[in-house]
file target.pdb (PDB, C-alpha atoms)
MODEL        1
ATOM      1  CA  LYS M1458      11.380  17.158  31.144  1.00  0.00           C
ATOM      2  CA  PRO M1459       8.317  18.343  33.007  1.00  0.00           C
ATOM      3  CA  GLN M1460       6.087  20.827  31.325  1.00  0.00           C
ATOM      4  CA  ILE M1461       4.445  23.686  33.143  1.00  0.00           C
ATOM      5  CA  GLY M1462       0.716  23.523  32.823  1.00  0.00           C
ATOM      6  CA  ALA M1463      -2.130  25.223  34.526  1.00  0.00           C
ATOM      7  CA  PRO M1464      -1.416  25.535  38.288  1.00  0.00           C
ATOM      8  CA  LYS M1465      -3.381  23.219  40.538  1.00  0.00           C
ATOM      9  CA  ARG M1466      -4.090  23.965  44.164  1.00  0.00           C
ATOM     10  CA  CYS M1467      -2.964  21.305  46.540  1.00  0.00           C
ATOM     11  CA  GLY M1468      -5.972  20.210  48.530  1.00  0.00           C
ATOM     12  CA  LYS M1469      -3.942  18.486  51.259  1.00  0.00           C
ATOM     13  CA  CYS M1470      -1.957  21.567  52.092  1.00  0.00           C
ATOM     14  CA  ALA M1471      -4.617  23.715  53.605  1.00  0.00           C
ATOM     15  CA  GLY M1472      -3.464  27.107  54.676  1.00  0.00           C
ATOM     16  CA  TYR M1473      -0.581  27.103  52.365  1.00  0.00           C
ATOM     17  CA  ASN M1474      -0.565  28.804  49.079  1.00  0.00           C
ATOM     18  CA  LEU M1475       1.093  25.896  47.272  1.00  0.00           C
ATOM     19  CA  TYR M1476       0.641  24.839  43.736  1.00  0.00           C
ATOM     20  CA  LEU M1477       1.585  21.664  41.922  1.00  0.00           C
ATOM     21  CA  ILE M1478       3.327  21.590  38.575  1.00  0.00           C
ATOM     22  CA  GLY M1479       1.204  19.604  36.134  1.00  0.00           C
ATOM     23  CA  TYR M1480       2.632  16.934  33.809  1.00  0.00           C
ATOM     24  CA  PRO M1481       1.014  16.061  30.477  1.00  0.00           C
ATOM     25  CA  GLU M1482      -0.701  12.756  30.271  1.00  0.00           C
ATOM     26  CA  ARG M1483       1.369  10.119  28.574  1.00  0.00           C
ATOM     27  CA  LYS M1484       0.042   8.229  25.618  1.00  0.00           C
ATOM     28  CA  ASN M1485       0.018   4.490  25.532  1.00  0.00           C
ATOM     29  CA  MET M1486       3.533   3.544  24.412  1.00  0.00           C
ATOM     30  CA  SER M1487       2.295   0.263  23.043  1.00  0.00           C
ATOM     31  CA  GLU M1488       0.121   2.025  20.458  1.00  0.00           C
ATOM     32  CA  LYS M1489       1.716   1.712  17.046  1.00  0.00           C
ATOM     33  CA  LYS M1490       1.474   4.300  14.350  1.00  0.00           C
ATOM     34  CA  LYS M1491      -0.629   3.123  11.487  1.00  0.00           C
ATOM     35  CA  TRP M1492       0.792   3.164   7.953  1.00  0.00           C
ATOM     36  CA  GLY M1493      -0.318   2.142   4.463  1.00  0.00           C
ATOM     37  CA  PHE M1494      -3.745   2.152   2.916  1.00  0.00           C
ATOM     38  CA  GLN M1495      -5.519   2.129   6.306  1.00  0.00           C
ATOM     39  CA  ASN M1496      -5.017   5.899   6.623  1.00  0.00           C
ATOM     40  CA  TRP M1497      -5.901   6.731   2.975  1.00  0.00           C
ATOM     41  CA  SER M1498      -9.020   8.686   2.302  1.00  0.00           C
ATOM     42  CA  THR M1499     -11.473   7.730  -0.423  1.00  0.00           C
ATOM     43  CA  ASP M1500     -10.396  10.685  -2.576  1.00  0.00           C
ATOM     44  CA  ARG M1501      -6.770   9.639  -2.395  1.00  0.00           C
ATOM     45  CA  VAL M1502      -7.578   6.059  -3.391  1.00  0.00           C
ATOM     46  CA  LEU M1503      -9.598   7.289  -6.347  1.00  0.00           C
ATOM     47  CA  SER M1504      -6.815   9.667  -7.427  1.00  0.00           C
ATOM     48  CA  VAL M1505      -4.141   6.961  -7.355  1.00  0.00           C
ATOM     49  CA  SER M1506      -6.430   4.543  -9.173  1.00  0.00           C
ATOM     50  CA  ALA M1507      -7.132   7.089 -11.894  1.00  0.00           C
ATOM     51  CA  PHE M1508      -3.381   7.720 -12.278  1.00  0.00           C
ATOM     52  CA  PHE M1509      -2.576   4.038 -12.825  1.00  0.00           C
ATOM     53  CA  ILE M1510      -5.505   3.636 -15.206  1.00  0.00           C
ATOM     54  CA  SER M1511      -4.227   6.576 -17.279  1.00  0.00           C
ATOM     55  CA  ILE M1512      -0.722   5.038 -17.404  1.00  0.00           C
ATOM     56  CA  ILE M1513      -2.126   1.700 -18.575  1.00  0.00           C
ATOM     57  CA  SER M1514      -4.263   3.467 -21.190  1.00  0.00           C
ATOM     58  CA  LEU M1515      -1.216   5.375 -22.471  1.00  0.00           C
ATOM     59  CA  VAL M1516       0.837   2.174 -22.805  1.00  0.00           C
ATOM     60  CA  ALA M1517      -2.025   0.485 -24.645  1.00  0.00           C
ATOM     61  CA  LEU M1518      -2.363   3.469 -26.995  1.00  0.00           C
ATOM     62  CA  LEU M1519       1.366   3.488 -27.788  1.00  0.00           C
ATOM     63  CA  TYR M1520       1.338  -0.240 -28.488  1.00  0.00           C
ATOM     64  CA  GLN M1521      -1.676   0.101 -30.784  1.00  0.00           C
ATOM     65  CA  SER M1522       0.099   2.914 -32.643  1.00  0.00           C
ATOM     66  CA  TYR M1523       3.166   0.718 -33.066  1.00  0.00           C
ATOM     67  CA  LEU M1524       1.049  -2.124 -34.470  1.00  0.00           C
ATOM     68  CA  ALA M1525      -0.716   0.260 -36.839  1.00  0.00           C
ATOM     69  CA  ARG M1526       2.586   1.616 -38.180  1.00  0.00           C
ATOM     70  CA  ALA M1527       3.975  -1.891 -38.656  1.00  0.00           C
ATOM     71  CA  GLU M1528       0.823  -2.953 -40.497  1.00  0.00           C
ATOM     72  CA  TYR M1529       0.960   0.155 -42.704  1.00  0.00           C
ATOM     73  CA  LYS M1530       4.584  -0.500 -43.654  1.00  0.00           C
ATOM     74  CA  LEU M1531       3.787  -4.109 -44.485  1.00  0.00           C
ATOM     75  CA  MET M1532       0.842  -3.088 -46.666  1.00  0.00           C
ATOM     76  CA  GLN M1533       2.978  -0.461 -48.394  1.00  0.00           C
ATOM     77  CA  LYS M1534       5.655  -3.053 -49.182  1.00  0.00           C
ATOM     78  CA  GLN M1535       3.064  -5.439 -50.558  1.00  0.00           C
ATOM     79  CA  GLN M1536       1.506  -2.734 -52.694  1.00  0.00           C
ATOM     80  CA  SER M1537       4.912  -1.569 -53.914  1.00  0.00           C
ATOM     81  CA  ALA M1538       5.899  -5.116 -54.856  1.00  0.00           C
ATOM     82  CA  SER M1539       2.690  -5.542 -56.840  1.00  0.00           C
ATOM     83  CA  VAL M1540       3.571  -2.590 -59.115  1.00  0.00           C
ATOM     84  CA  MET M1541       7.380  -2.722 -59.034  1.00  0.00           C
ATOM     85  CA  PRO M1542       9.074  -1.904 -62.349  1.00  0.00           C
ATOM     86  CA  TYR M1543      12.218  -3.761 -63.387  1.00  0.00           C
ATOM     87  CA  LEU M1544      14.410  -2.097 -65.986  1.00  0.00           C
ATOM     88  CA  ASN M1545      17.109  -3.848 -67.972  1.00  0.00           C
ATOM     89  CA  GLN M1546      19.210  -3.149 -71.015  1.00  0.00           C
ATOM     90  CA  PHE M1547      20.269  -5.568 -73.715  1.00  0.00           C
ATOM     91  CA  PHE M1548      21.743  -5.875 -77.204  1.00  0.00           C
ATOM     92  CA  THR M1549      20.052  -7.883 -79.927  1.00  0.00           C
ATOM     93  CA  ASN M1550      21.809  -8.926 -83.120  1.00  0.00           C
ATOM     94  CA  THR M1551      19.521 -11.526 -84.588  1.00  0.00           C
ATOM     95  CA  LYS M1552      18.690 -11.401 -88.269  1.00  0.00           C
ATOM     96  CA  GLY M1553      16.797  -8.248 -89.068  1.00  0.00           C
ATOM     97  CA  ASN M1554      16.861  -7.200 -85.412  1.00  0.00           C
ATOM     98  CA  TYR M1555      19.974  -5.160 -84.592  1.00  0.00           C
ATOM     99  CA  ARG M1556      19.119  -3.011 -81.636  1.00  0.00           C
ATOM    100  CA  ILE M1557      20.191  -1.622 -78.283  1.00  0.00           C
ATOM    101  CA  VAL M1558      17.120  -1.818 -76.101  1.00  0.00           C
ATOM    102  CA  PHE M1559      15.853  -0.770 -72.696  1.00  0.00           C
ATOM    103  CA  GLY M1560      13.069  -2.924 -71.318  1.00  0.00           C
ATOM    104  CA  ASN M1561      10.709  -2.913 -68.362  1.00  0.00           C
ATOM    105  CA  ASP M1562      10.034  -6.478 -67.273  1.00  0.00           C
ATOM    106  CA  GLY M1563       8.339  -5.455 -64.033  1.00  0.00           C
ATOM    107  CA  LEU M1564       4.711  -5.402 -62.903  1.00  0.00           C
ATOM    108  CA  GLY M1565       4.249  -1.639 -62.986  1.00  0.00           C
ATOM    109  CA  PRO M1566       5.333   1.446 -64.919  1.00  0.00           C
ATOM    110  CA  ALA M1567       8.761   3.030 -64.547  1.00  0.00           C
ATOM    111  CA  PHE M1568       9.087   6.792 -64.315  1.00  0.00           C
ATOM    112  CA  ILE M1569      12.538   7.899 -65.484  1.00  0.00           C
ATOM    113  CA  ARG M1570      13.866  10.540 -63.087  1.00  0.00           C
ATOM    114  CA  SER M1571      17.356  10.948 -64.531  1.00  0.00           C
ATOM    115  CA  ALA M1572      19.428   9.544 -67.383  1.00  0.00           C
ATOM    116  CA  LYS M1573      23.158   9.859 -68.046  1.00  0.00           C
ATOM    117  CA  PHE M1574      25.076   8.584 -71.075  1.00  0.00           C
ATOM    118  CA  THR M1575      28.846   8.879 -71.402  1.00  0.00           C
ATOM    119  CA  MET M1576      31.930   7.659 -73.181  1.00  0.00           C
ATOM    120  CA  THR M1577      35.471   7.810 -71.829  1.00  0.00           C
ATOM    121  CA  ASP M1578      36.538  11.493 -71.715  1.00  0.00           C
ATOM    122  CA  SER M1579      33.198  12.605 -73.168  1.00  0.00           C
ATOM    123  CA  PRO M1580      30.657  15.011 -71.738  1.00  0.00           C
ATOM    124  CA  THR M1581      27.667  13.582 -69.890  1.00  0.00           C
ATOM    125  CA  PHE M1582      24.460  13.550 -71.902  1.00  0.00           C
ATOM    126  CA  THR M1583      20.978  13.373 -70.434  1.00  0.00           C
ATOM    127  CA  LYS M1584      19.179  12.430 -73.665  1.00  0.00           C
ATOM    128  CA  THR M1585      19.892   9.522 -75.981  1.00  0.00           C
ATOM    129  CA  ASP M1586      19.400  11.602 -79.129  1.00  0.00           C
ATOM    130  CA  ASP M1587      22.058  14.123 -78.011  1.00  0.00           C
ATOM    131  CA  PHE M1588      24.379  11.258 -77.131  1.00  0.00           C
ATOM    132  CA  LEU M1589      23.925   9.579 -80.539  1.00  0.00           C
ATOM    133  CA  ARG M1590      24.543  12.874 -82.310  1.00  0.00           C
ATOM    134  CA  TYR M1591      27.782  13.281 -80.374  1.00  0.00           C
ATOM    135  CA  LEU M1592      28.909   9.772 -81.370  1.00  0.00           C
ATOM    136  CA  ALA M1593      28.218  10.410 -85.038  1.00  0.00           C
ATOM    137  CA  GLU M1594      30.266  13.619 -84.929  1.00  0.00           C
ATOM    138  CA  SER M1595      33.148  12.269 -82.869  1.00  0.00           C
ATOM    139  CA  TYR M1596      33.937   8.747 -84.134  1.00  0.00           C
ATOM    140  CA  LYS M1597      35.000   7.798 -87.605  1.00  0.00           C
ATOM    141  CA  GLY M1598      32.492   5.856 -89.650  1.00  0.00           C
ATOM    142  CA  LEU M1599      29.500   6.490 -87.422  1.00  0.00           C
ATOM    143  CA  ASP M1600      28.385   9.566 -89.350  1.00  0.00           C
ATOM    144  CA  THR M1601      27.408   7.408 -92.335  1.00  0.00           C
ATOM    145  CA  LEU M1602      25.307   4.915 -90.391  1.00  0.00           C
ATOM    146  CA  LYS M1603      21.572   4.720 -90.957  1.00  0.00           C
ATOM    147  CA  TYR M1604      19.637   4.136 -87.791  1.00  0.00           C
ATOM    148  CA  THR M1605      16.485   4.950 -85.918  1.00  0.00           C
ATOM    149  CA  TYR M1606      16.249   5.839 -82.253  1.00  0.00           C
ATOM    150  CA  SER M1607      13.913   6.896 -79.497  1.00  0.00           C
ATOM    151  CA  THR M1608      14.562   9.399 -76.744  1.00  0.00           C
ATOM    152  CA  MET M1609      15.343   8.153 -73.265  1.00  0.00           C
ATOM    153  CA  SER M1610      15.571  11.029 -70.796  1.00  0.00           C
ATOM    154  CA  GLU M1611      14.146  12.441 -67.586  1.00  0.00           C
ATOM    155  CA  GLY M1612      10.372  12.251 -67.684  1.00  0.00           C
ATOM    156  CA  THR M1613      10.168   9.198 -69.925  1.00  0.00           C
ATOM    157  CA  LEU M1614       7.461   6.730 -68.938  1.00  0.00           C
ATOM    158  CA  MET M1615       7.993   3.032 -69.583  1.00  0.00           C
ATOM    159  CA  PRO M1616       4.866   0.900 -69.045  1.00  0.00           C
ATOM    160  CA  ALA M1617       5.127  -2.611 -67.660  1.00  0.00           C
ATOM    161  CA  ASN M1618       6.293  -5.252 -70.139  1.00  0.00           C
ATOM    162  CA  SER M1619       7.411  -2.664 -72.672  1.00  0.00           C
ATOM    163  CA  THR M1620      10.651  -1.976 -74.530  1.00  0.00           C
ATOM    164  CA  GLN M1621      12.237   1.161 -75.872  1.00  0.00           C
ATOM    165  CA  GLU M1622      14.918   1.157 -78.535  1.00  0.00           C
ATOM    166  CA  MET M1623      17.915   3.307 -77.829  1.00  0.00           C
ATOM    167  CA  VAL M1624      19.071   2.753 -81.395  1.00  0.00           C
ATOM    168  CA  SER M1625      18.225   0.314 -84.189  1.00  0.00           C
ATOM    169  CA  PHE M1626      20.161  -0.577 -87.370  1.00  0.00           C
ATOM    170  CA  GLN M1627      19.174  -2.101 -90.664  1.00  0.00           C
ATOM    171  CA  THR M1628      22.227  -4.314 -91.134  1.00  0.00           C
ATOM    172  CA  SER M1629      24.485  -6.379 -88.918  1.00  0.00           C
ATOM    173  CA  GLU M1630      27.562  -4.568 -90.274  1.00  0.00           C
ATOM    174  CA  GLU M1631      26.303  -1.205 -89.071  1.00  0.00           C
ATOM    175  CA  TYR M1632      25.350  -2.676 -85.766  1.00  0.00           C
ATOM    176  CA  ARG M1633      28.795  -4.263 -85.228  1.00  0.00           C
ATOM    177  CA  LEU M1634      30.579  -1.033 -86.105  1.00  0.00           C
ATOM    178  CA  PHE M1635      28.491   0.930 -83.630  1.00  0.00           C
ATOM    179  CA  TYR M1636      28.800  -1.743 -80.949  1.00  0.00           C
ATOM    180  CA  ASN M1637      32.596  -1.937 -81.290  1.00  0.00           C
ATOM    181  CA  VAL M1638      32.906   1.835 -80.875  1.00  0.00           C
ATOM    182  CA  LEU M1639      30.861   1.672 -77.670  1.00  0.00           C
ATOM    183  CA  VAL M1640      32.972  -1.140 -76.216  1.00  0.00           C
ATOM    184  CA  GLU M1641      36.345   0.308 -77.229  1.00  0.00           C
ATOM    185  CA  HIS M1642      35.632   3.811 -75.954  1.00  0.00           C
ATOM    186  CA  GLY M1643      34.090   3.064 -72.572  1.00  0.00           C
ATOM    187  CA  PHE M1644      30.356   3.411 -73.090  1.00  0.00           C
ATOM    188  CA  ASN M1645      28.419   3.781 -69.844  1.00  0.00           C
ATOM    189  CA  PHE M1646      24.996   4.879 -68.716  1.00  0.00           C
ATOM    190  CA  GLU M1647      23.099   5.408 -65.467  1.00  0.00           C
ATOM    191  CA  ILE M1648      19.323   5.584 -65.272  1.00  0.00           C
ATOM    192  CA  GLU M1649      17.338   6.321 -62.141  1.00  0.00           C
ATOM    193  CA  TYR M1650      13.646   5.482 -62.105  1.00  0.00           C
ATOM    194  CA  GLU M1651      10.810   5.093 -59.627  1.00  0.00           C
ATOM    195  CA  ASP M1652       7.478   3.320 -59.226  1.00  0.00           C
ATOM    196  CA  VAL M1653       4.054   4.816 -58.561  1.00  0.00           C
ATOM    197  CA  TYR M1654       4.813   4.958 -54.804  1.00  0.00           C
ATOM    198  CA  GLY M1655       8.096   6.832 -55.203  1.00  0.00           C
ATOM    199  CA  GLU M1656      10.450   3.888 -54.542  1.00  0.00           C
ATOM    200  CA  ARG M1657      13.605   4.456 -56.585  1.00  0.00           C
ATOM    201  CA  TRP M1658      16.127   2.239 -58.372  1.00  0.00           C
ATOM    202  CA  ARG M1659      19.302   2.752 -60.394  1.00  0.00           C
ATOM    203  CA  LEU M1660      20.348   0.818 -63.506  1.00  0.00           C
ATOM    204  CA  ARG M1661      23.947   1.002 -64.744  1.00  0.00           C
ATOM    205  CA  PHE M1662      25.689  -0.469 -67.745  1.00  0.00           C
ATOM    206  CA  ASP M1663      28.197  -2.379 -65.602  1.00  0.00           C
ATOM    207  CA  GLU M1664      25.573  -3.910 -63.287  1.00  0.00           C
ATOM    208  CA  ASP M1665      23.364  -6.884 -64.031  1.00  0.00           C
ATOM    209  CA  ILE M1666      20.375  -5.876 -61.931  1.00  0.00           C
ATOM    210  CA  PRO M1667      18.935  -2.537 -60.772  1.00  0.00           C
ATOM    211  CA  GLN M1668      19.982  -1.360 -57.323  1.00  0.00           C
ATOM    212  CA  LYS M1669      17.445   0.147 -54.954  1.00  0.00           C
ATOM    213  CA  ILE M1670      18.197   3.707 -53.870  1.00  0.00           C
ATOM    214  CA  THR M1671      17.843   4.342 -50.159  1.00  0.00           C
ATOM    215  CA  ASP M1672      18.004   7.845 -48.691  1.00  0.00           C
TER     216      ASP M1672
ENDMDL
END

call {"tool": "encode", "arguments": {"input": "target.pdb", "output": "structure tokens"}}
result
Amino acid sequence: KPQIGAPKRCGKCAGYNLYLIGYPERKNMSEKKKWGFQNWSTDRVLSVSAFFISIISLVALLYQSYLARAEYKLMQKQQSASVMPYLNQFFTNTKGNYRIVFGNDGLGPAFIRSAKFTMTDSPTFTKTDDFLRYLAESYKGLDTLKYTYSTMSEGTLMPANSTQEMVSFQTSEEYRLFYNVLVEHGFNFEIEYEDVYGERWRLRFDEDIPQKITD
């Protein structure tokens, strides 16, 4: 479609007031439009470069943070293992040694966070001395026994390689009487304890080894 431009007087048509319609000059059709980095300015190149550098820096930072967290967890596990307590409970009935004992065979101290002692159909006691008093009052023959005991309850600290007697008797006869009452009437206990780093375990009468508590 022709475009109307500035009117041009026709020089060959003298005496006539004629004008020619001007057409715009056509561009070279063979010229191809340039794309890509050839048309980028220096500022644009620098901006894109800075963007990619920042992305690479962010990825590197995240990866370093991941490695640091993994290393911290590994160190924490190693440190926890080096001070891990290991509670157990056992009966001894050797000559002159008739006891029910809690022991810490671990490498670090055990902090008792809760303790529960029960019999079948009995209340739950949180201290060994209250539990022993209940037994003496509730079961025939136990009120005449002579024994010594130590308190196991929340807040008790058991150092590494230490033992704590729940109850101790002078004779094997007293020990057997007490032991038979426990077995026949469903004695049970549950003790939760933790190490210096706050890792927690649970020891029960019906389990051979402590079980780690996970939140």

call {"tool": "closest_residue", "arguments": {"input": "target.pdb", "among": "M:Gln1668, M:Asn1645, M:Ser1629, M:Thr1605", "to": "Thr1575 (chain M)", "atoms": "all atoms listed in the file"}}
result
M:Asn1645

call {"tool": "residues_around", "arguments": {"input": "target.pdb", "residues": "Thr1581 (chain M)", "least_positions_apart": "5", "cutoff": "12 Å", "atoms": "all atoms listed in the file", "output": "list in words"}}
result
Ser1571, Ala1572, Lys1573, Phe1574, Thr1575, Met1576, Asp1587, Phe1588, Leu1589, Tyr1591, Phe1644, Asn1645, Phe1646 and Glu1647 of chain M

call {"tool": "residues_around", "arguments": {"input": "target.pdb", "residues": "Lys1584 (chain M)", "least_positions_apart": "2", "cutoff": "6 Å", "atoms": "all atoms listed in the file", "output": "PDB file with C-alpha atoms, in the coordinates of the input"}}
result
ATOM      1  CA  PHE M1582      24.460  13.550 -71.902  1.00  0.00           C
ATOM      2  CA  ASP M1586      19.400  11.602 -79.129  1.00  0.00           C
ATOM      3  CA  ASP M1587      22.058  14.123 -78.011  1.00  0.00           C
ATOM      4  CA  MET M1609      15.343   8.153 -73.265  1.00  0.00           C
ATOM      5  CA  SER M1610      15.571  11.029 -70.796  1.00  0.00           C
TER       6      SER M1610
END

call {"tool": "residues_around", "arguments": {"input": "target.pdb", "residues": "region 1548-1551 of chain M", "least_positions_apart": "4", "cutoff": "8 Å", "atoms": "all atoms listed in the file", "output": "list in words"}}
result
Tyr1555, Arg1556, Ile1557, Val1558, Ser1629 and Tyr1632 of chain M

call {"tool": "resolve_selection", "arguments": {"input": "target.pdb", "expression": "the PyMOL selection byres ((chain M and resi 1619) around 6)", "output": "list in words"}}
result
Gly1560, Asn1561, Pro1616, Ala1617, Asn1618 and Thr1620 of chain M

call {"tool": "closest_residue", "arguments": {"input": "target.pdb", "among": "M:Leu1531, M:Val1505, M:Val1624, M:Leu1515", "to": "Leu1602 (chain M)", "atoms": "only C-alpha atoms"}}
result
M:Val1624

call {"tool": "atom_distance", "arguments": {"input": "target.pdb", "atom1": "CA of Tyr1604 (chain M)", "atom2": "CA of Ala1567 (chain M)"}}
result
25.7 Å

call {"tool": "atom_distance", "arguments": {"input": "target.pdb", "atom1": "CA of Asn1554 (chain M)", "atom2": "CA of Tyr1636 (chain M)"}}
result
13.9 Å

call {"tool": "atom_distance", "arguments": {"input": "target.pdb", "atom1": "CA of Arg1661 (chain M)", "atom2": "CA of Ile1648 (chain M)"}}
result
6.5 Å

call {"tool": "resolve_selection", "arguments": {"input": "target.pdb", "expression": "the PyMOL selection byres ((chain M and resi 1598) around 12)", "output": "ChimeraX atom specification"}}
result
/M:1592-1597,1599-1603,1630-1635,1637-1638

call {"tool": "axis_aligned_box", "arguments": {"input": "target.pdb", "around": "region 1605-1610 of chain M", "padding_each_side": "5 Å", "output": "lines of an AutoDock Vina configuration file"}}
result
center_x = 15.2
center_y = 8.0
center_z = -78.4
size_x = 12.6
size_y = 16.1
size_z = 25.1

call {"tool": "resolve_selection", "arguments": {"input": "target.pdb", "expression": "the PyMOL selection byres ((chain M and resi 1543) around 12)", "output": "NGL selection string"}}
result
:M and (1538-1542 or 1544-1546 or 1559-1569 or 1615-1620 or 1648-1652 or 1656-1660 or 1665-1669)

call {"tool": "closest_residue", "arguments": {"input": "target.pdb", "among": "M:Thr1585, M:Arg1526, M:Asp1500, M:Arg1570", "to": "Gly1655 (chain M)", "atoms": "all atoms listed in the file"}}
result
M:Arg1570

call {"tool": "closest_residue", "arguments": {"input": "target.pdb", "among": "M:Ile1670, M:Phe1547, M:Thr1583, M:Val1653", "to": "Leu1614 (chain M)", "atoms": "only C-alpha atoms"}}
result
M:Val1653
